[in-house]
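> So that you have it, the file is upload32.cif, and it contains mmCIF, C-alpha atoms:
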data_run
loop_
_atom_site.label_atom_id
_atom_site.label_comp_id
_atom_site.auth_asym_id
_atom_site.auth_seq_id
_atom_site.Cartn_x
_atom_site.Cartn_y
_atom_site.Cartn_z
CA MET A 1 -37.15 58.94 -3.27
CA GLU A 2 -38.35 55.50 -4.34
CA GLU A 3 -41.63 54.39 -2.80
CA LYS A 4 -41.34 51.34 -0.54
CA ARG A 5 -42.96 48.21 -1.94
CA ILE A 6 -45.64 46.83 0.39
CA THR A 7 -45.25 43.18 1.38
CA ILE A 8 -47.49 40.66 3.11
CA TYR A 9 -45.39 41.23 6.24
CA ASP A 10 -46.25 44.96 6.23
CA ILE A 11 -49.94 44.12 5.88
CA ALA A 12 -49.71 41.50 8.63
CA ALA A 13 -48.06 44.02 11.00
CA GLU A 14 -50.70 46.67 10.32
CA VAL A 15 -53.62 44.28 10.84
CA GLY A 16 -51.94 42.54 13.79
CA VAL A 17 -52.02 39.01 12.34
CA SER A 18 -49.49 36.52 11.06
CA ALA A 19 -48.09 36.70 7.53
CA SER A 20 -49.49 33.23 6.84
CA LEU A 21 -53.03 34.55 7.40
CA VAL A 22 -52.40 37.36 4.90
CA SER A 23 -51.04 34.80 2.45
CA ARG A 24 -54.24 32.74 2.79
CA VAL A 25 -56.37 35.76 1.93
CA VAL A 26 -54.16 36.69 -1.04
CA SER A 27 -54.14 33.15 -2.44
CA GLY A 28 -57.78 32.44 -1.59
CA LYS A 29 -56.76 29.17 0.02
CA GLY A 30 -56.95 28.13 3.67
CA SER A 31 -59.29 28.89 6.55
CA VAL A 32 -59.69 32.51 7.72
CA SER A 33 -62.61 33.93 9.73
CA ASP A 34 -64.84 36.41 7.90
CA LYS A 35 -63.99 39.17 10.38
CA THR A 36 -60.22 38.70 10.00
CA ARG A 37 -60.50 38.27 6.25
CA LYS A 38 -62.30 41.62 5.98
CA LYS A 39 -59.64 43.41 8.06
CA ILE A 40 -56.87 42.00 5.90
CA GLN A 41 -58.70 42.71 2.64
CA ASP A 42 -59.32 46.33 3.70
CA VAL A 43 -55.55 46.89 4.11
CA ILE A 44 -54.83 45.07 0.83
CA ASP A 45 -57.27 47.41 -0.92
CA LYS A 46 -55.85 50.41 0.91
CA TYR A 47 -52.39 49.86 -0.57
CA ASP A 48 -53.63 48.33 -3.84
CA PHE A 49 -51.37 45.40 -2.99
CA ARG A 50 -50.43 42.98 -5.77
CA PRO A 51 -48.40 39.88 -4.86
CA ASN A 52 -45.02 39.48 -6.56
CA ALA A 53 -45.39 37.05 -9.47
CA MET A 54 -42.11 35.29 -8.75
CA ALA A 55 -42.81 34.89 -5.06
CA ARG A 56 -46.27 33.59 -5.82
CA GLY A 57 -44.79 31.11 -8.26
CA LEU A 58 -42.25 29.88 -5.73
CA GLN A 59 -45.02 29.20 -3.24
CA LYS A 60 -46.72 27.06 -5.85
CA SER A 61 -43.38 25.59 -7.06
CA ARG A 62 -44.37 27.00 -10.46
CA THR A 63 -42.76 30.22 -11.65
CA ARG A 64 -44.12 30.29 -15.21
CA MET A 65 -40.60 31.30 -16.24
CA ILE A 66 -38.40 29.82 -18.98
CA GLY A 67 -34.65 30.35 -19.13
CA PHE A 68 -33.14 31.02 -22.57
CA MET A 69 -29.36 31.05 -23.11
CA ILE A 70 -27.57 32.17 -26.27
CA PRO A 71 -23.91 32.97 -26.96
CA HIS A 72 -24.38 36.47 -28.42
CA ILE A 73 -27.51 38.63 -28.71
CA GLY A 74 -25.87 40.61 -31.53
CA ASN A 75 -26.02 37.62 -33.88
CA GLU A 76 -29.36 37.91 -35.68
CA TYR A 77 -29.77 34.15 -35.97
CA PHE A 78 -30.01 33.77 -32.19
CA SER A 79 -32.04 36.93 -31.59
CA ASN A 80 -34.55 35.99 -34.31
CA VAL A 81 -35.13 32.53 -32.85
CA TYR A 82 -35.48 34.02 -29.36
CA TYR A 83 -37.94 36.67 -30.58
CA GLU A 84 -40.23 34.09 -32.18
CA PHE A 85 -39.95 31.74 -29.19
CA GLU A 86 -40.79 34.50 -26.72
CA LYS A 87 -43.94 35.35 -28.66
CA HIS A 88 -45.29 31.82 -28.22
CA ALA A 89 -44.16 31.64 -24.59
CA SER A 90 -45.83 34.92 -23.61
CA GLU A 91 -49.02 34.02 -25.47
CA ASN A 92 -49.19 30.94 -23.25
CA GLY A 93 -48.57 32.81 -20.00
CA PHE A 94 -44.80 32.27 -19.64
CA MET A 95 -42.11 34.84 -18.93
CA THR A 96 -38.74 34.31 -20.64
CA ILE A 97 -35.40 35.27 -19.11
CA LEU A 98 -32.59 35.78 -21.64
CA TYR A 99 -28.90 35.32 -20.80
CA ASN A 100 -25.76 35.71 -22.92
CA GLY A 101 -23.37 32.80 -22.36
CA LYS A 102 -20.55 34.53 -24.30
CA ASN A 103 -19.28 31.15 -25.54
CA ASP A 104 -17.59 30.79 -22.15
CA GLN A 105 -18.03 27.48 -20.34
CA ASP A 106 -17.80 28.89 -16.81
CA THR A 107 -20.33 31.61 -17.63
CA GLU A 108 -22.72 29.11 -19.19
CA GLN A 109 -22.51 26.77 -16.19
CA LYS A 110 -23.22 29.68 -13.83
CA ILE A 111 -26.29 30.55 -15.92
CA LEU A 112 -27.49 26.94 -15.74
CA LYS A 113 -27.15 27.15 -11.95
CA VAL A 114 -29.12 30.40 -11.93
CA PHE A 115 -31.88 28.72 -13.94
CA ASP A 116 -32.05 26.00 -11.30
CA GLU A 117 -32.06 28.45 -8.39
CA MET A 118 -34.81 30.53 -10.04
CA ARG A 119 -36.88 27.38 -10.49
CA VAL A 120 -37.51 27.96 -14.17
CA GLU A 121 -40.01 25.54 -15.61
CA ALA A 122 -37.89 24.88 -18.70
CA ALA A 123 -34.62 25.95 -20.32
CA VAL A 124 -33.50 26.52 -23.90
CA ILE A 125 -29.81 26.42 -24.86
CA MET A 126 -28.58 27.75 -28.20
CA GLY A 127 -25.01 27.59 -29.46
CA GLY A 128 -22.06 28.04 -27.15
CA ASN A 129 -20.53 24.97 -25.58
CA ALA A 130 -23.51 22.81 -26.47
CA ASP A 131 -22.15 23.08 -30.03
CA ALA A 132 -18.54 22.27 -29.14
CA VAL A 133 -17.08 19.37 -31.12
CA ALA A 134 -15.37 18.08 -27.98
CA ILE A 135 -18.06 18.35 -25.30
CA ASN A 136 -16.68 19.00 -21.82
CA GLU A 137 -17.80 16.34 -19.33
CA GLU A 138 -18.39 18.85 -16.52
CA TYR A 139 -20.50 21.02 -18.81
CA ALA A 140 -22.45 18.04 -20.09
CA GLY A 141 -23.08 16.99 -16.50
CA ALA A 142 -24.44 20.45 -15.62
CA VAL A 143 -26.84 20.40 -18.57
CA SER A 144 -27.96 16.83 -17.88
CA SER A 145 -28.50 17.65 -14.21
CA LEU A 146 -30.80 20.56 -15.06
CA ASN A 147 -32.61 18.43 -17.64
CA ARG A 148 -33.50 15.93 -14.90
CA GLN A 149 -35.23 18.75 -13.01
CA VAL A 150 -36.98 20.59 -15.86
CA PRO A 151 -37.34 20.14 -19.64
CA CYS A 152 -34.21 21.36 -21.48
CA ILE A 153 -34.28 21.92 -25.22
CA ILE A 154 -30.92 22.26 -26.97
CA CYS A 155 -30.84 23.86 -30.42
CA SER A 156 -28.09 21.57 -31.64
CA GLU A 157 -27.71 18.37 -33.61
CA GLN A 158 -25.78 17.06 -30.59
CA ALA A 159 -28.69 17.47 -28.15
CA GLU A 160 -29.12 13.74 -27.56
CA LYS A 161 -25.54 13.54 -26.24
CA PHE A 162 -26.85 15.54 -23.26
CA GLY A 163 -29.97 13.40 -22.95
CA CYS A 164 -32.01 16.37 -24.19
CA THR A 165 -34.49 16.97 -26.97
CA GLY A 166 -33.00 18.97 -29.86
CA VAL A 167 -34.31 21.39 -32.48
CA HIS A 168 -32.00 22.37 -35.36
CA ILE A 169 -31.88 23.21 -39.04
CA ASP A 170 -31.07 20.23 -41.27
CA THR A 171 -27.37 20.86 -42.00
CA GLU A 172 -27.07 18.09 -44.56
CA LYS A 173 -29.96 19.45 -46.60
CA LYS A 174 -28.61 22.99 -46.30
CA ALA A 175 -25.26 21.90 -47.74
CA ARG A 176 -26.98 20.04 -50.57
CA LEU A 177 -29.13 23.05 -51.45
CA VAL A 178 -26.05 25.30 -51.75
CA ALA A 179 -24.06 22.82 -53.86
CA GLU A 180 -27.06 22.11 -56.08
CA HIS A 181 -27.74 25.82 -56.58
CA LEU A 182 -24.12 26.60 -57.52
CA TYR A 183 -24.10 23.68 -59.95
CA LYS A 184 -27.31 24.82 -61.66
CA LYS A 185 -25.93 28.35 -61.98
CA GLY A 186 -22.83 26.99 -63.73
CA TYR A 187 -20.22 27.42 -60.98
CA ARG A 188 -17.66 24.61 -60.90
CA THR A 189 -15.20 25.87 -58.25
CA ALA A 190 -16.07 27.03 -54.72
CA GLY A 191 -14.51 28.09 -51.45
CA ILE A 192 -15.86 28.08 -47.88
CA LEU A 193 -15.63 31.14 -45.64
CA GLY A 194 -16.30 31.75 -41.95
CA GLY A 195 -16.80 29.78 -38.78
CA ALA A 196 -14.46 27.82 -36.59
CA ALA A 197 -13.88 24.31 -37.92
CA SER A 198 -10.71 23.75 -35.88
CA GLY A 199 -8.95 25.02 -32.74
CA ASN A 200 -10.47 26.25 -29.47
CA TRP A 201 -13.50 27.80 -31.20
CA CYS A 202 -14.28 24.67 -33.20
CA ARG A 203 -18.04 24.19 -33.40
CA TYR A 204 -19.95 21.12 -34.51
CA PRO A 205 -22.42 22.89 -36.88
CA THR A 206 -19.46 24.41 -38.73
CA THR A 207 -17.56 21.14 -39.11
CA ARG A 208 -20.77 19.46 -40.27
CA MET A 209 -21.42 22.18 -42.89
CA TYR A 210 -17.81 22.04 -44.11
CA GLU A 211 -17.94 18.26 -44.45
CA GLU A 212 -21.39 18.06 -46.02
CA PHE A 213 -20.82 20.90 -48.49
CA GLN A 214 -17.56 19.35 -49.70
CA ARG A 215 -19.27 15.96 -50.02
CA TYR A 216 -22.10 17.34 -52.14
CA ALA A 217 -19.68 19.54 -54.10
CA ARG A 218 -17.84 16.39 -55.17
CA GLU A 219 -21.13 14.79 -56.20
CA TYR A 220 -21.96 17.80 -58.38
CA GLY A 221 -18.46 18.08 -59.81
CA ILE A 222 -17.57 21.31 -57.98
CA GLU A 223 -13.92 21.63 -56.98
CA VAL A 224 -13.17 22.84 -53.43
CA ARG A 225 -9.49 23.38 -52.63
CA GLN A 226 -8.04 23.61 -49.13
CA GLU A 227 -6.51 27.03 -49.89
CA TRP A 228 -10.01 28.32 -50.59
CA ILE A 229 -11.24 27.53 -47.06
CA HIS A 230 -10.81 30.26 -44.44
CA GLY A 231 -12.52 31.31 -41.19
CA VAL A 232 -12.16 31.64 -37.45
CA SER A 233 -15.40 33.30 -36.34
CA TYR A 234 -18.98 34.16 -37.29
CA ASP A 235 -19.19 37.92 -37.77
CA GLU A 236 -18.66 40.48 -40.54
CA TRP A 237 -15.04 41.00 -39.50
CA ASP A 238 -14.29 37.33 -40.01
CA GLY A 239 -15.95 37.49 -43.42
CA GLU A 240 -13.71 40.39 -44.44
CA GLU A 241 -10.55 38.71 -43.17
CA ALA A 242 -11.45 35.37 -44.73
CA MET A 243 -12.05 36.98 -48.12
CA LYS A 244 -8.77 38.92 -47.90
CA LYS A 245 -6.91 35.66 -47.28
CA LEU A 246 -8.75 34.03 -50.15
CA LEU A 247 -7.75 36.88 -52.47
CA GLU A 248 -4.07 36.18 -51.78
CA ASN A 249 -4.40 33.09 -53.97
CA ARG A 250 -3.32 33.38 -57.61
CA GLU A 251 -6.38 31.43 -58.69
CA LEU A 252 -9.78 32.12 -57.12
CA PRO A 253 -12.92 30.00 -56.93
CA ARG A 254 -15.94 31.21 -58.89
CA ALA A 255 -18.14 31.08 -55.76
CA VAL A 256 -17.92 30.98 -51.99
CA CYS A 257 -20.22 29.29 -49.47
CA CYS A 258 -20.31 31.38 -46.28
CA ILE A 259 -21.16 29.95 -42.87
CA ASN A 260 -23.78 32.67 -42.24
CA ASP A 261 -25.09 35.94 -43.66
CA HIS A 262 -22.91 38.12 -41.42
CA VAL A 263 -19.78 36.44 -42.76
CA ALA A 264 -21.12 36.66 -46.31
CA CYS A 265 -21.71 40.41 -46.05
CA GLY A 266 -18.20 41.00 -44.72
CA ALA A 267 -16.79 38.85 -47.51
CA MET A 268 -18.69 40.82 -50.17
CA LEU A 269 -17.39 44.13 -48.80
CA ALA A 270 -13.79 42.89 -48.94
CA ALA A 271 -14.24 41.56 -52.47
CA GLN A 272 -15.78 44.81 -53.66
CA ASP A 273 -13.04 46.86 -51.96
CA ALA A 274 -10.54 44.79 -53.93
CA GLY A 275 -12.29 45.74 -57.16
CA LEU A 276 -14.18 42.52 -57.77
CA SER A 277 -17.74 42.48 -59.05
CA ILE A 278 -20.34 40.19 -57.47
CA PRO A 279 -21.40 37.80 -58.94
CA ARG A 280 -19.48 38.42 -62.19
CA ASP A 281 -16.06 37.76 -60.63
CA ILE A 282 -17.11 35.75 -57.59
CA ALA A 283 -20.56 34.59 -56.41
CA VAL A 284 -21.52 34.54 -52.72
CA VAL A 285 -24.01 32.38 -50.80
CA GLY A 286 -24.91 32.99 -47.14
CA SER A 287 -27.02 31.20 -44.57
CA ASP A 288 -29.93 32.10 -42.22
CA ASN A 289 -31.71 34.84 -44.22
CA VAL A 290 -31.39 37.54 -41.57
CA ARG A 291 -32.32 41.14 -42.41
CA ILE A 292 -28.86 42.15 -43.61
CA ALA A 293 -29.12 39.61 -46.45
CA ARG A 294 -31.84 41.70 -48.10
CA MET A 295 -30.12 45.03 -47.48
CA THR A 296 -26.76 44.39 -49.18
CA ARG A 297 -26.03 45.36 -52.75
CA PRO A 298 -26.12 43.02 -54.49
CA SER A 299 -28.74 41.29 -52.34
CA LEU A 300 -27.53 38.02 -50.88
CA THR A 301 -28.51 34.53 -51.96
CA THR A 302 -28.95 32.55 -48.75
CA VAL A 303 -30.34 29.41 -47.16
CA ALA A 304 -33.34 30.53 -45.13
CA VAL A 305 -34.42 29.40 -41.69
CA ASP A 306 -38.11 29.72 -40.81
CA PHE A 307 -37.58 31.48 -37.48
CA GLU A 308 -41.27 31.48 -36.62
CA GLN A 309 -41.49 27.74 -37.18
CA MET A 310 -38.34 27.15 -35.13
CA GLY A 311 -39.52 29.29 -32.21
CA LYS A 312 -42.87 27.52 -32.09
CA LEU A 313 -41.27 24.09 -32.43
CA ILE A 314 -38.97 24.75 -29.46
CA PHE A 315 -41.90 25.88 -27.32
CA ASP A 316 -44.04 22.91 -28.37
CA ARG A 317 -41.24 20.51 -27.46
CA ILE A 318 -41.04 22.10 -24.00
CA MET A 319 -44.72 21.43 -23.50
CA GLU A 320 -44.28 17.82 -24.65
CA LYS A 321 -41.27 17.28 -22.40
CA GLY A 322 -43.58 18.00 -19.52
CA ASN A 323 -45.03 14.60 -20.38
CA LYS A 324 -41.53 13.05 -20.12
CA ASN A 325 -41.25 12.07 -23.77
CA LYS A 326 -37.99 10.43 -24.79
CA PRO A 327 -35.44 12.91 -26.19
CA ARG A 328 -35.13 13.12 -29.95
CA LEU A 329 -33.83 15.50 -32.61
CA TYR A 330 -36.29 17.58 -34.63
CA LEU A 331 -34.82 18.90 -37.90
CA ILE A 332 -36.16 21.97 -39.69
CA ASP A 333 -36.10 22.01 -43.48
CA PRO A 334 -34.10 24.93 -44.93
CA VAL A 335 -35.08 26.77 -48.13
CA LEU A 336 -32.66 28.39 -50.56
CA ILE A 337 -33.59 31.93 -51.57
CA GLU A 338 -31.88 33.08 -54.77
CA ARG A 339 -30.93 36.75 -54.98
CA ASP A 340 -28.46 38.85 -56.96
CA SER A 341 -25.20 37.61 -55.37
CA THR A 342 -25.30 34.40 -57.45
#
Represent the structure of the file as structure tokens.


Amino acid sequence: MEEKRITIYDIAAEVGVSASLVSRVVSGKGSVSDKTRKKIQDVIDKYDFRPNAMARGLQKSRTRMIGFMIPHIGNEYFSNVYYEFEKHASENGFMTILYNGKNDQDTEQKILKVFDEMRVEAAVIMGGNADAVAINEEYAGAVSSLNRQVPCIICSEQAEKFGCTGVHIDTEKKARLVAEHLYKKGYRTAGILGGAASGNWCRYPTTRMYEEFQRYAREYGIEVRQEWIHGVSYDEWDGEEAMKKLLENRELPRAVCCINDHVACGAMLAAQDAGLSIPRDIAVVGSDNVRIARMTRPSLTTVAVDFEQMGKLIFDRIMEKGNKNKPRLYLIDPVLIERDST
């Protein structure tokens, strides 16, 4: 049988005083006679009473909690950023509450409402509908409303559309690094695999990467054909399916730029199952530098994100927003890590 948690009301009833008097003794604030204070403190000591952190925070209108929303905890990009952010938050006395938005607008708006009801002191939003190409007005209104109450940091290049500060990897530089690397390695044809650049799952970071990579590919003299572009999602399955569709073409590109490392690993498996050798027959580049990139064979060339830097930058921007700084976008420089897949 679970032991009943003692509350200030239980202590007040046992001592025969009001709950407000017990609260004064617990908080150390307010006037209480020495005799009454001793009676209350004796019962507090008797039960080894510790006030609930959330309740104490609500009394002070400060919960020391930060809400963090991502679309999918299984995607290492999001979990790595959250892990590094949480380290900095906890080191500074904050608790972080993590929610999965599931890329569903209604779910995300409910989570934003929960953040407000829990009186979080700040909120971080990664991916999901904050990355939609066509931002829903109702959703934007919900984010903007919360941002007027507490600092909201959006990990998107579109953050300023919500009136929020943003932290994101520099997509333009990432695309340039990939095109430049392929050019230096002698590849003159390339495809693009993974991600939703059209339809209901269309996401702004994907469309930006598609556009910027093709722009830099033209500058470096790398041909990218429409029939070499495939993708609907961001996981290994999508990488496999995208590569299978690519292999239906009579002529293949010499390299593929994948929207993330998960897609790249799925694409490599499909290519190898079809009898192709990587990188002899087709080279593969990923993005993010998550753990799986180092574990594949061949190991995966990828554009790395400094997750520790990103986590700290998000937390630092939350602290600055407490001073009501104007929203702006902070871009993180990516770094290309060459491995065996190119």

> Restricting the calculation to all atoms listed in the file, which member of A:Thr301, A:Thr206, A:Gln41, A:Asn75 is positioned closest to His262 of chain A?

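Closest candidate: A:Asn75.
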
> Would you list the residues near (-18.1, 23.1, -59.4) (no more than 6 Å away, in the coordinates of the file, using only C-alpha atoms) as number ranges by chain?

A: 187-189, 221-223

> For this structure, which residues satisfy the selection - the PyMOL selection byres ((chain A and resi 236) around 8) - when it is evaluated on the file as given? I want them as a PyMOL selection string.

chain A and resi 234-235+237-240+262-267

> Using all atoms listed in the file for the distances, tell me which of A:Arg291, A:Lys184, A:Arg208, A:Lys110 is nearest to Ile169 of chain A.

A:Arg208

> Find the spatial neighbours of Ala179 of chain A, counting all atoms listed in the file, within a cut-off of 7 Å - ignore same-chain residues fewer than 3 positions away - and output them as a list of chain:residue names.

A:Ala175, A:Arg176, A:Leu182, A:Tyr183, A:Phe213, A:Tyr216, A:Ala217

> Could you check the closest approach to Glu320 of chain A for each of A:Thr63, A:Ile153, A:Ala142, A:Ala283 and tell me which residue wins, using only C-alpha atoms?

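Of A:Thr63, A:Ile153, A:Ala142, A:Ala283, the one nearest Glu320 of chain A is A:Ile153, counting only C-alpha atoms.
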
> Check what the PyMOL selection byres ((chain A and resi 64) around 8) selects in the file above and give those residues as an MDAnalysis selection string.

chainID A and resid 57 62:63 65:66 93:95 120:121

> Kindly save the residues from that selection, with C-alpha atoms included, as a tab-separated table (two decimals), in the coordinates of the input.


chain	number	residue	atom	x	y	z
A	57	GLY	CA	-44.79	31.11	-8.26
A	62	ARG	CA	-44.37	27.00	-10.46
A	63	THR	CA	-42.76	30.22	-11.65
A	65	MET	CA	-40.60	31.30	-16.24
A	66	ILE	CA	-38.40	29.82	-18.98
A	93	GLY	CA	-48.57	32.81	-20.00
A	94	PHE	CA	-44.80	32.27	-19.64
A	95	MET	CA	-42.11	34.84	-18.93
A	120	VAL	CA	-37.51	27.96	-14.17
A	121	GLU	CA	-40.01	25.54	-15.61

> Do a neighbour search on Gly28 of chain A at 12 Å with only C-alpha atoms, toss out local chain neighbours closer than 5 positions, and write the hits as a list of chain:residue names.

A:Ser20, A:Leu21, A:Val22, A:Ser23, A:Arg37, A:Gln41

> Can you work out the spacing between atom CA of Ile318 of chain A and atom CA of Thr165 of chain A in Å, to one decimal?

8.8 Å
